[in-house]
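Peer 1: Data file upload.csv (CSV, C-alpha atoms) is appended below.
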chain,number,residue,atom,x,y,z
C,1,MET,CA,36.2,-14.4,-7.8
C,2,SER,CA,33.0,-15.4,-9.6
C,3,LEU,CA,29.9,-13.2,-9.7
C,4,GLN,CA,28.0,-15.8,-7.7
C,5,ASN,CA,30.6,-15.7,-4.9
C,6,LEU,CA,30.6,-11.9,-5.0
C,7,PHE,CA,26.8,-11.9,-4.6
C,8,LYS,CA,27.0,-14.4,-1.7
C,9,ASN,CA,29.7,-12.2,0.1
C,10,TRP,CA,27.5,-9.1,-0.4
C,11,ARG,CA,24.5,-10.9,1.0
C,12,ARG,CA,26.4,-12.2,4.0
C,13,HIS,CA,27.8,-8.7,4.7
C,14,THR,CA,24.5,-6.9,4.3
C,15,SER,CA,22.6,-9.5,6.3
C,16,LYS,CA,24.4,-8.4,9.5
C,17,PRO,CA,22.0,-6.6,11.9
C,18,ARG,CA,24.5,-3.7,12.4
C,19,THR,CA,24.8,-3.2,8.7
C,20,ARG,CA,21.1,-3.3,8.2
C,21,LYS,CA,20.6,-0.7,10.9
C,22,ILE,CA,23.2,1.6,9.3
C,23,PHE,CA,21.4,1.4,5.9
C,24,GLN,CA,18.1,2.1,7.6
C,25,TYR,CA,19.4,5.1,9.5
C,26,LEU,CA,21.1,6.4,6.3
C,27,LYS,CA,17.9,6.1,4.3
C,28,ILE,CA,16.0,8.0,7.0
C,29,VAL,CA,18.6,10.8,7.1
C,30,LEU,CA,18.6,11.1,3.3
C,31,LEU,CA,14.8,11.3,3.0
C,32,LEU,CA,14.6,13.9,5.8
C,33,ILE,CA,17.3,15.9,4.0
C,34,LEU,CA,15.3,15.6,0.8
C,35,PHE,CA,12.1,16.7,2.6
C,36,LEU,CA,13.7,19.7,4.4
C,37,SER,CA,15.5,20.8,1.3
C,38,LEU,CA,12.2,21.6,-0.3
C,39,PHE,CA,11.6,24.3,2.4
C,40,TYR,CA,15.0,25.8,1.5
C,41,ILE,CA,14.1,26.0,-2.1
C,42,ILE,CA,10.4,26.9,-1.6
C,43,PRO,CA,9.8,29.7,1.0
C,44,ILE,CA,7.8,28.3,3.9
C,45,GLU,CA,5.9,31.6,4.1
C,46,ASP,CA,4.4,30.9,0.6
C,47,VAL,CA,3.4,27.4,1.6
C,48,LEU,CA,1.8,28.6,4.8
C,49,HIS,CA,-0.1,31.2,2.8
C,50,VAL,CA,-1.6,28.5,0.6
C,51,LEU,CA,-2.5,26.3,3.6
C,52,LYS,CA,-4.2,29.3,5.2
C,53,ASP,CA,-6.6,29.7,2.3
C,54,ILE,CA,-7.5,26.0,1.8
C,55,ASN,CA,-11.2,24.9,1.7
C,56,ILE,CA,-11.5,23.2,5.1
C,57,LEU,CA,-14.7,21.4,4.2
C,58,PHE,CA,-13.0,19.8,1.2
C,59,PHE,CA,-10.1,18.7,3.5
C,60,ILE,CA,-12.5,17.1,6.0
C,61,ALA,CA,-14.3,15.3,3.1
C,62,GLY,CA,-10.9,14.0,2.0
C,63,ILE,CA,-10.3,12.6,5.5
C,64,LEU,CA,-13.7,10.9,5.5
C,65,GLY,CA,-12.8,9.5,2.1
C,66,GLY,CA,-9.6,8.1,3.5
C,67,LEU,CA,-11.6,6.4,6.3
C,68,LEU,CA,-14.0,4.9,3.8
C,69,ASN,CA,-11.1,3.6,1.7
C,70,ILE,CA,-9.6,1.8,4.7
C,71,TYR,CA,-13.0,0.3,5.5
C,72,LEU,CA,-13.5,-1.0,2.0
C,73,LYS,CA,-10.0,-2.6,2.1
C,74,SER,CA,-11.0,-4.2,5.4
C,75,VAL,CA,-14.1,-5.7,3.7
C,76,ARG,CA,-11.8,-7.2,1.1
C,77,LEU,CA,-9.4,-8.6,3.6
C,78,GLY,CA,-12.3,-9.9,5.6
C,79,PHE,CA,-13.5,-11.8,2.5
C,80,LEU,CA,-10.0,-13.3,2.0
C,81,THR,CA,-9.6,-14.3,5.7
C,82,HIS,CA,-13.1,-15.8,5.7
C,83,LYS,CA,-12.1,-18.0,2.8
C,84,GLN,CA,-9.2,-19.3,4.9
C,85,GLY,CA,-11.6,-20.4,7.6
C,86,MET,CA,-10.9,-17.4,9.9
C,87,THR,CA,-13.7,-15.5,11.6
C,88,ILE,CA,-12.6,-11.9,12.0
C,89,SER,CA,-15.2,-9.1,12.0
C,90,ILE,CA,-14.9,-6.3,9.4
C,91,ASN,CA,-14.9,-3.8,12.3
C,92,ARG,CA,-11.9,-5.5,13.9
C,93,LEU,CA,-10.0,-5.5,10.6
C,94,PHE,CA,-10.8,-1.8,10.2
C,95,LEU,CA,-9.3,-1.1,13.6
C,96,VAL,CA,-6.2,-3.2,12.8
C,97,ASN,CA,-5.7,-1.3,9.5
C,98,LEU,CA,-5.8,2.0,11.4
C,99,ILE,CA,-3.3,0.6,13.9
C,100,VAL,CA,-1.0,-0.4,11.1
C,101,LYS,CA,-1.1,3.1,9.7
C,102,PHE,CA,0.0,4.4,13.0
C,103,TYR,CA,3.1,2.1,13.1
C,104,LEU,CA,4.0,2.9,9.6
C,105,LEU,CA,4.6,6.5,10.7
C,106,PHE,CA,7.7,5.2,12.5
C,107,LEU,CA,8.7,2.2,10.4
C,108,PRO,CA,10.6,2.1,7.1
C,109,GLY,CA,8.7,0.4,4.3
C,110,THR,CA,5.2,-1.0,3.9
C,111,ILE,CA,6.3,-4.7,4.1
C,112,ILE,CA,6.8,-4.3,7.8
C,113,GLY,CA,3.3,-2.9,8.1
C,114,SER,CA,2.0,-6.1,6.4
C,115,GLY,CA,3.9,-8.1,9.0
C,116,ILE,CA,2.3,-6.2,11.9
C,117,LYS,CA,-1.1,-6.7,10.3
C,118,TRP,CA,-0.4,-10.5,10.0
C,119,ARG,CA,0.5,-10.7,13.7
C,120,LYS,CA,-2.5,-8.7,14.7
C,121,ILE,CA,-5.1,-10.9,13.0
C,122,SER,CA,-3.5,-14.4,12.9
C,123,PRO,CA,-4.5,-17.1,15.5
C,124,GLU,CA,-1.7,-19.5,16.3
C,125,GLU,CA,-3.4,-22.4,14.5
C,126,LYS,CA,-3.9,-20.5,11.3
C,127,SER,CA,-0.7,-18.5,11.0
C,128,ALA,CA,0.1,-19.5,7.5
C,129,GLU,CA,-3.5,-18.9,6.4
C,130,ALA,CA,-3.5,-15.4,7.8
C,131,LEU,CA,-0.1,-14.7,6.1
C,132,ALA,CA,-1.5,-15.9,2.8
C,133,ALA,CA,-4.6,-13.6,3.1
C,134,VAL,CA,-2.4,-10.6,4.1
C,135,ALA,CA,0.1,-11.2,1.3
C,136,PHE,CA,-2.6,-11.7,-1.3
C,137,ASN,CA,-4.4,-8.6,-0.1
C,138,ARG,CA,-1.2,-6.7,-0.5
C,139,LEU,CA,-0.7,-8.1,-4.0
C,140,ILE,CA,-4.2,-6.9,-5.0
C,141,ASP,CA,-3.3,-3.4,-3.8
C,142,ILE,CA,-0.1,-3.2,-5.8
C,143,PHE,CA,-1.8,-4.7,-8.9
C,144,ILE,CA,-4.6,-2.1,-8.8
C,145,ILE,CA,-2.2,0.8,-8.3
C,146,ILE,CA,-0.2,-0.3,-11.4
C,147,ILE,CA,-3.2,-1.1,-13.6
C,148,THR,CA,-5.2,2.0,-12.8
C,149,GLY,CA,-2.0,4.1,-13.2
C,150,LEU,CA,-1.5,2.6,-16.6
C,151,PHE,CA,-5.2,3.3,-17.4
C,152,TRP,CA,-4.9,7.0,-16.5
C,153,PHE,CA,-1.5,7.4,-18.2
C,154,LEU,CA,-2.8,5.9,-21.5
C,155,TYR,CA,-5.7,8.4,-21.4
C,156,GLY,CA,-3.4,11.2,-20.6
C,157,LEU,CA,-1.3,10.6,-23.8
C,158,GLY,CA,-3.9,12.3,-26.0
C,159,HIS,CA,-7.4,12.4,-24.5
C,160,ASP,CA,-9.0,15.2,-22.7
C,161,LYS,CA,-12.1,13.2,-21.7
C,162,LEU,CA,-13.0,9.7,-20.9
C,163,ASN,CA,-13.7,7.3,-23.7
C,164,TRP,CA,-16.4,5.0,-22.3
C,165,VAL,CA,-16.0,2.4,-25.0
C,166,THR,CA,-12.3,2.0,-24.1
C,167,THR,CA,-13.1,2.0,-20.4
C,168,ALA,CA,-15.8,-0.7,-20.9
C,169,ALA,CA,-13.2,-2.9,-22.6
C,170,PHE,CA,-10.3,-2.2,-20.3
C,171,PHE,CA,-11.6,-3.4,-17.0
C,172,PRO,CA,-13.2,-6.7,-18.2
C,173,SER,CA,-9.8,-7.4,-19.8
C,174,ILE,CA,-8.1,-6.9,-16.4
C,175,GLY,CA,-10.8,-9.1,-14.9
C,176,ILE,CA,-9.9,-11.9,-17.3
C,177,ILE,CA,-6.2,-11.6,-16.3
C,178,TRP,CA,-7.2,-11.9,-12.6
C,179,ILE,CA,-9.3,-15.0,-13.3
C,180,LEU,CA,-6.3,-16.6,-15.1
C,181,PHE,CA,-4.0,-15.7,-12.1
C,182,PHE,CA,-6.4,-17.2,-9.6
C,183,LYS,CA,-6.7,-20.4,-11.5
C,184,SER,CA,-2.9,-20.7,-12.0
C,185,THR,CA,-2.1,-20.7,-8.2
C,186,ARG,CA,-2.6,-24.5,-8.0
C,187,TYR,CA,0.0,-25.2,-10.8
C,188,ILE,CA,2.5,-22.7,-9.3
C,189,THR,CA,2.2,-24.5,-5.9
C,190,SER,CA,2.7,-27.9,-7.5
C,191,TRP,CA,5.8,-26.7,-9.4
C,192,ILE,CA,7.4,-25.2,-6.3
C,193,ASP,CA,6.5,-28.2,-4.2
C,194,ASN,CA,8.2,-30.6,-6.6
C,195,HIS,CA,11.3,-28.5,-7.0
C,196,THR,CA,11.9,-27.9,-3.2
C,197,ASN,CA,11.5,-31.6,-2.5
C,198,GLN,CA,14.3,-32.5,-4.9
C,199,ASP,CA,17.1,-30.4,-3.3
C,200,SER,CA,18.8,-32.3,-0.5
C,201,ASN,CA,21.0,-29.3,0.3
C,202,ARG,CA,17.9,-27.6,1.8
C,203,GLN,CA,17.6,-30.0,4.7
C,204,SER,CA,18.6,-27.4,7.2
C,205,TRP,CA,15.9,-25.2,5.9
C,206,ASN,CA,13.1,-27.8,6.1
C,207,TRP,CA,11.1,-25.7,8.6
C,208,PHE,CA,11.1,-22.8,6.1
C,209,TRP,CA,10.1,-24.9,3.1
C,210,ARG,CA,7.4,-26.6,5.1
C,211,TYR,CA,6.0,-23.2,6.1
C,212,LEU,CA,6.3,-21.9,2.6
C,213,ARG,CA,4.4,-24.9,1.2
C,214,LYS,CA,1.7,-24.3,3.8
C,215,ILE,CA,1.3,-20.7,2.7
C,216,LEU,CA,1.2,-21.8,-1.0
C,217,TYR,CA,-1.5,-24.4,-0.2
C,218,SER,CA,-3.4,-21.7,1.6
C,219,LEU,CA,-3.2,-19.6,-1.6
C,220,ASN,CA,-4.7,-22.6,-3.4
C,221,THR,CA,-7.9,-21.7,-1.6
C,222,TYR,CA,-8.2,-18.7,-3.8
C,223,GLY,CA,-7.6,-20.9,-6.9
C,224,ASP,CA,-11.0,-22.4,-6.1
C,225,PHE,CA,-12.8,-19.1,-6.3
C,226,SER,CA,-15.8,-18.9,-8.5
C,227,ILE,CA,-16.2,-16.2,-11.2
C,228,ARG,CA,-18.6,-14.5,-8.9
C,229,ASN,CA,-16.1,-14.5,-6.0
C,230,ILE,CA,-13.4,-13.0,-8.2
C,231,ILE,CA,-15.8,-10.3,-9.6
C,232,TYR,CA,-16.8,-9.4,-6.0
C,233,LEU,CA,-13.2,-9.2,-4.9
C,234,PHE,CA,-12.1,-7.2,-7.9
C,235,SER,CA,-15.1,-4.8,-7.6
C,236,ILE,CA,-14.3,-4.1,-3.9
C,237,GLY,CA,-10.7,-3.3,-4.9
C,238,ILE,CA,-11.8,-0.9,-7.7
C,239,LEU,CA,-14.4,0.7,-5.5
C,240,ALA,CA,-11.7,1.3,-2.8
C,241,TYR,CA,-9.4,2.8,-5.4
C,242,ILE,CA,-12.2,5.1,-6.7
C,243,VAL,CA,-12.9,6.4,-3.2
C,244,ALA,CA,-9.1,6.9,-2.6
C,245,LEU,CA,-8.9,8.9,-5.9
C,246,LEU,CA,-11.9,11.0,-5.0
C,247,SER,CA,-10.3,11.8,-1.6
C,248,TYR,CA,-7.1,12.7,-3.5
C,249,ILE,CA,-9.0,15.0,-6.0
C,250,ILE,CA,-11.0,16.7,-3.3
C,251,ILE,CA,-7.8,17.6,-1.3
C,252,ALA,CA,-6.2,18.8,-4.5
C,253,TYR,CA,-9.3,21.0,-5.1
C,254,SER,CA,-9.0,22.4,-1.6
C,255,THR,CA,-5.7,23.9,-2.5
C,256,GLY,CA,-6.9,25.3,-5.8
C,257,ILE,CA,-5.4,22.7,-8.0
C,258,TRP,CA,-8.0,22.5,-10.8
C,259,ILE,CA,-6.5,20.1,-13.3
C,260,SER,CA,-8.3,17.2,-15.0
C,261,ILE,CA,-9.3,13.9,-13.2
C,262,ILE,CA,-7.2,12.1,-15.8
C,263,ASP,CA,-4.0,14.0,-14.9
C,264,LEU,CA,-4.6,13.7,-11.2
C,265,GLY,CA,-5.3,9.9,-11.7
C,266,TRP,CA,-1.9,9.1,-13.2
C,267,ILE,CA,-0.1,11.5,-10.8
C,268,GLN,CA,-1.6,9.7,-7.8
C,269,ALA,CA,-0.6,6.3,-9.2
C,270,ILE,CA,3.0,7.3,-9.6
C,271,VAL,CA,3.2,8.9,-6.2
C,272,ASP,CA,1.5,5.8,-4.6
C,273,LEU,CA,4.1,3.5,-6.3
C,274,ALA,CA,6.9,5.7,-5.0
C,275,SER,CA,5.4,5.8,-1.5
C,276,ILE,CA,5.2,2.0,-1.2
C,277,SER,CA,8.8,1.4,-2.3
C,278,PRO,CA,11.3,0.1,0.2
C,279,LEU,CA,13.0,3.5,0.2
C,280,SER,CA,10.0,5.2,1.7
C,281,ILE,CA,9.3,6.1,5.3
C,282,ALA,CA,6.1,7.5,7.0
C,283,GLY,CA,4.0,6.8,4.0
C,284,GLY,CA,6.4,8.2,1.5
C,285,LEU,CA,7.6,11.4,3.4
C,286,GLY,CA,10.1,13.2,1.2
C,287,ILE,CA,9.5,11.2,-1.9
C,288,ARG,CA,5.9,12.1,-2.0
C,289,GLU,CA,6.6,15.9,-1.7
C,290,VAL,CA,9.3,15.9,-4.3
C,291,SER,CA,7.1,13.8,-6.7
C,292,HIS,CA,4.2,16.2,-6.4
C,293,VAL,CA,6.3,19.4,-6.9
C,294,VAL,CA,8.0,17.9,-10.0
C,295,LEU,CA,4.9,16.3,-11.6
C,296,LEU,CA,2.5,19.2,-10.9
C,297,SER,CA,5.0,21.6,-12.4
C,298,LEU,CA,4.2,20.0,-15.8
C,299,TYR,CA,0.8,21.6,-15.5
C,300,GLU,CA,2.2,25.0,-14.4
C,301,ILE,CA,1.1,24.5,-10.8
C,302,GLU,CA,3.3,26.7,-8.5
C,303,ALA,CA,5.8,24.8,-6.3
C,304,GLU,CA,4.3,26.2,-3.1
C,305,VAL,CA,0.8,25.0,-4.1
C,306,ALA,CA,2.1,21.5,-5.0
C,307,LEU,CA,4.0,21.3,-1.7
C,308,ALA,CA,1.0,22.5,0.3
C,309,PHE,CA,-1.1,19.9,-1.4
C,310,SER,CA,1.4,17.2,-0.5
C,311,LEU,CA,1.5,18.3,3.1
C,312,LEU,CA,-2.3,18.1,3.3
C,313,LEU,CA,-2.1,14.5,2.1
C,314,PHE,CA,0.5,13.9,4.8
C,315,ALA,CA,-1.8,15.6,7.3
C,316,ARG,CA,-4.6,13.3,6.3
C,317,THR,CA,-2.3,10.3,6.8
C,318,LEU,CA,-1.2,11.7,10.2
C,319,ILE,CA,-4.8,12.2,11.4
C,320,LEU,CA,-5.8,8.6,10.4
C,321,SER,CA,-2.6,7.2,11.9
C,322,LEU,CA,-3.3,9.0,15.2
C,323,MET,CA,-6.7,7.4,15.3
C,324,GLY,CA,-4.9,4.1,15.0
C,325,GLY,CA,-2.5,5.1,17.7
C,326,ILE,CA,-5.3,6.0,20.1
C,327,ILE,CA,-7.0,2.6,19.4
C,328,GLU,CA,-3.7,0.8,20.1
C,329,PHE,CA,-3.1,2.7,23.3
C,330,VAL,CA,-6.6,1.9,24.6
C,331,GLU,CA,-6.2,-1.8,23.7
C,332,VAL,CA,-2.8,-2.0,25.5
C,333,ILE,CA,-4.3,-0.4,28.6
C,334,ILE,CA,-7.2,-2.8,28.5
C,335,LEU,CA,-4.9,-5.8,28.0
C,336,HIS,CA,-2.7,-4.6,30.9
C,337,LYS,CA,-5.7,-4.4,33.2
C,338,GLU,CA,-6.9,-7.9,32.2
C,339,LEU,CA,-3.4,-9.4,33.0
C,340,ALA,CA,-3.1,-7.5,36.3
What is this file in structure tokens?
Peer 2:
Amino acid sequence: MSLQNLFKNWRRHTSKPRTRKIFQYLKIVLLLILFLSLFYIIPIEDVLHVLKDINILFFIAGILGGLLNIYLKSVRLGFLTHKQGMTISINRLFLVNLIVKFYLLFLPGTIIGSGIKWRKISPEEKSAEALAAVAFNRLIDIFIIIITGLFWFLYGLGHDKLNWVTTAAFFPSIGIIWILFFKSTRYITSWIDNHTNQDSNRQSWNWFWRYLRKILYSLNTYGDFSIRNIIYLFSIGILAYIVALLSYIIIAYSTGIWISIIDLGWIQAIVDLASISPLSIAGGLGIREVSHVVLLSLYEIEAEVALAFSLLLFARTLILSLMGGIIEFVEVIILHKELA
């Protein structure tokens, strides 16, 4: 049997709903075992002792920083949806982002969260445009995590303080890459459009390719962005990242982790990438805790302190998610009364 046939058989087998559910349940069980095993290795009494002595004002400031980060991301998404001809207020997008955080507590992977966000903001007549905005917004998030993580990592290889000349050259270079990417969307769309039209075997998938082309044409809207638009979008993304990093650092300081901003910067980037992987649940539960214990041990941070820090980050996520849950509950009650 050829490799191609083996791959097709594997895809056919793993695409069955029952098989997918088994994989999802297995992933959840393994991550929960990973999470609980930390408390077997690290005495819970030591972790509780660290949590008892945290600086509560720093923790509250970290939560407020998390809210500001969500709001800035809502501003960015609002800019993208506006360019697609959709009129959604920033406040509404802010509430939707909080609601999505609530659902991500129970759903595996962040891709599903993007799907919920799409359904929450998309009017029927602009479904493809909304999907293009949400997908592009997600792409920006991942890009910024990778680039800023690389930035901090390169600094951490041998620098104990920021080199402002290097910094001044780094971010404009990334901006140029963004400009080239925006301007290339038109050619990518044209290439895919030409190739999908040539394959007669895809007739049964016509609805899918039509919708895909509609999304790609929606992405073309961003290819017409001016340099000013791109700088604005990129600046909002960097500002949101800086706020998220400050929130992360403040919570670290609340537990007595006093290592450099450079080191915390690249650690946050690695943990963020691990948390958005398809293997994660509840914002990276399990993976996040193990990552912090391992990475912070490089700086001689005690395991119980690293675990307490990670649990505080989860507590911040939990508080923000519960805000979204309350908003969703109120909206469902209001909708029920309107339909009654």
Peer 1: Rank nothing, just name the residue among C:Phe79, C:Val290, C:Glu331, C:Ile257 nearest to C:Val305, using all atoms listed in the file.
Peer 2: C:Ile257
Peer 1: Nearest to C:Ile270 among C:Ser310, C:Asn229, C:Asn137, C:Ser291, with distances taken over only C-alpha atoms: which residue is it?
Peer 2: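 The closest residue to C:Ile270 is C:Ser291.
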Peer 1: Pick the closest to C:Gln84 from C:Ala269, C:Leu131, C:Ile99, C:Leu67: which is it, counting only C-alpha atoms?
Peer 2: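 Of the candidates, the smallest distance to C:Gln84 is held by C:Leu131.
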Peer 1: Rounded to one decimal place, report the atom CA of C:Gly325-atom CA of C:Tyr71 distance in Å.
Peer 2: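 Computed distance, atom CA of C:Gly325 to atom CA of C:Tyr71, equals 16.8 Å.
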Peer 1: How many Å separate atom CA of C:Ile146 from atom CA of C:Leu68?
Peer 2: 21.2 Å
Peer 1: Out of C:Ala244, C:Ile231, C:Leu180, C:Leu80, which residue has the shortest atom-to-atom distance to C:Gly265 when counting all atoms listed in the file?
Peer 2: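 Result for the nearest residue to C:Gly265: C:Ala244.
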Peer 1: Name the closest residue to C:Ala274 among the candidates C:Arg316, C:Arg138, C:His292, C:Arg92; distances are taken between atoms, counting only C-alpha atoms.
Peer 2: C:His292
Peer 1: In Å, rounded to a single decimal, give me how far atom CA of C:Ala133 is from atom CA of C:Ile63.
Peer 2: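 Separation of atom CA of C:Ile63 and atom CA of C:Ala133: 26.9 Å.
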Peer 1: For C:Val294, find every residue with an atom within 12 Å (counting all atoms listed in the file), except residues of its own chain fewer than 3 positions away, and show them as a short mmCIF file (atom, residue, chain, number, x, y, z; two decimals) with C-alpha atoms, keeping the file's coordinate frame.
Peer 2:
data_model
loop_
_atom_site.label_atom_id
_atom_site.label_comp_id
_atom_site.auth_asym_id
_atom_site.auth_seq_id
_atom_site.Cartn_x
_atom_site.Cartn_y
_atom_site.Cartn_z
CA LEU C 38 12.20 21.60 -0.30
CA ILE C 267 -0.10 11.50 -10.80
CA ILE C 270 3.00 7.30 -9.60
CA VAL C 271 3.20 8.90 -6.20
CA ILE C 287 9.50 11.20 -1.90
CA ARG C 288 5.90 12.10 -2.00
CA GLU C 289 6.60 15.90 -1.70
CA VAL C 290 9.30 15.90 -4.30
CA SER C 291 7.10 13.80 -6.70
CA SER C 297 5.00 21.60 -12.40
CA LEU C 298 4.20 20.00 -15.80
CA TYR C 299 0.80 21.60 -15.50
CA GLU C 300 2.20 25.00 -14.40
CA ILE C 301 1.10 24.50 -10.80
CA GLU C 302 3.30 26.70 -8.50
CA ALA C 303 5.80 24.80 -6.30
CA GLU C 304 4.30 26.20 -3.10
CA VAL C 305 0.80 25.00 -4.10
CA ALA C 306 2.10 21.50 -5.00
CA LEU C 307 4.00 21.30 -1.70
CA SER C 310 1.40 17.20 -0.50
#
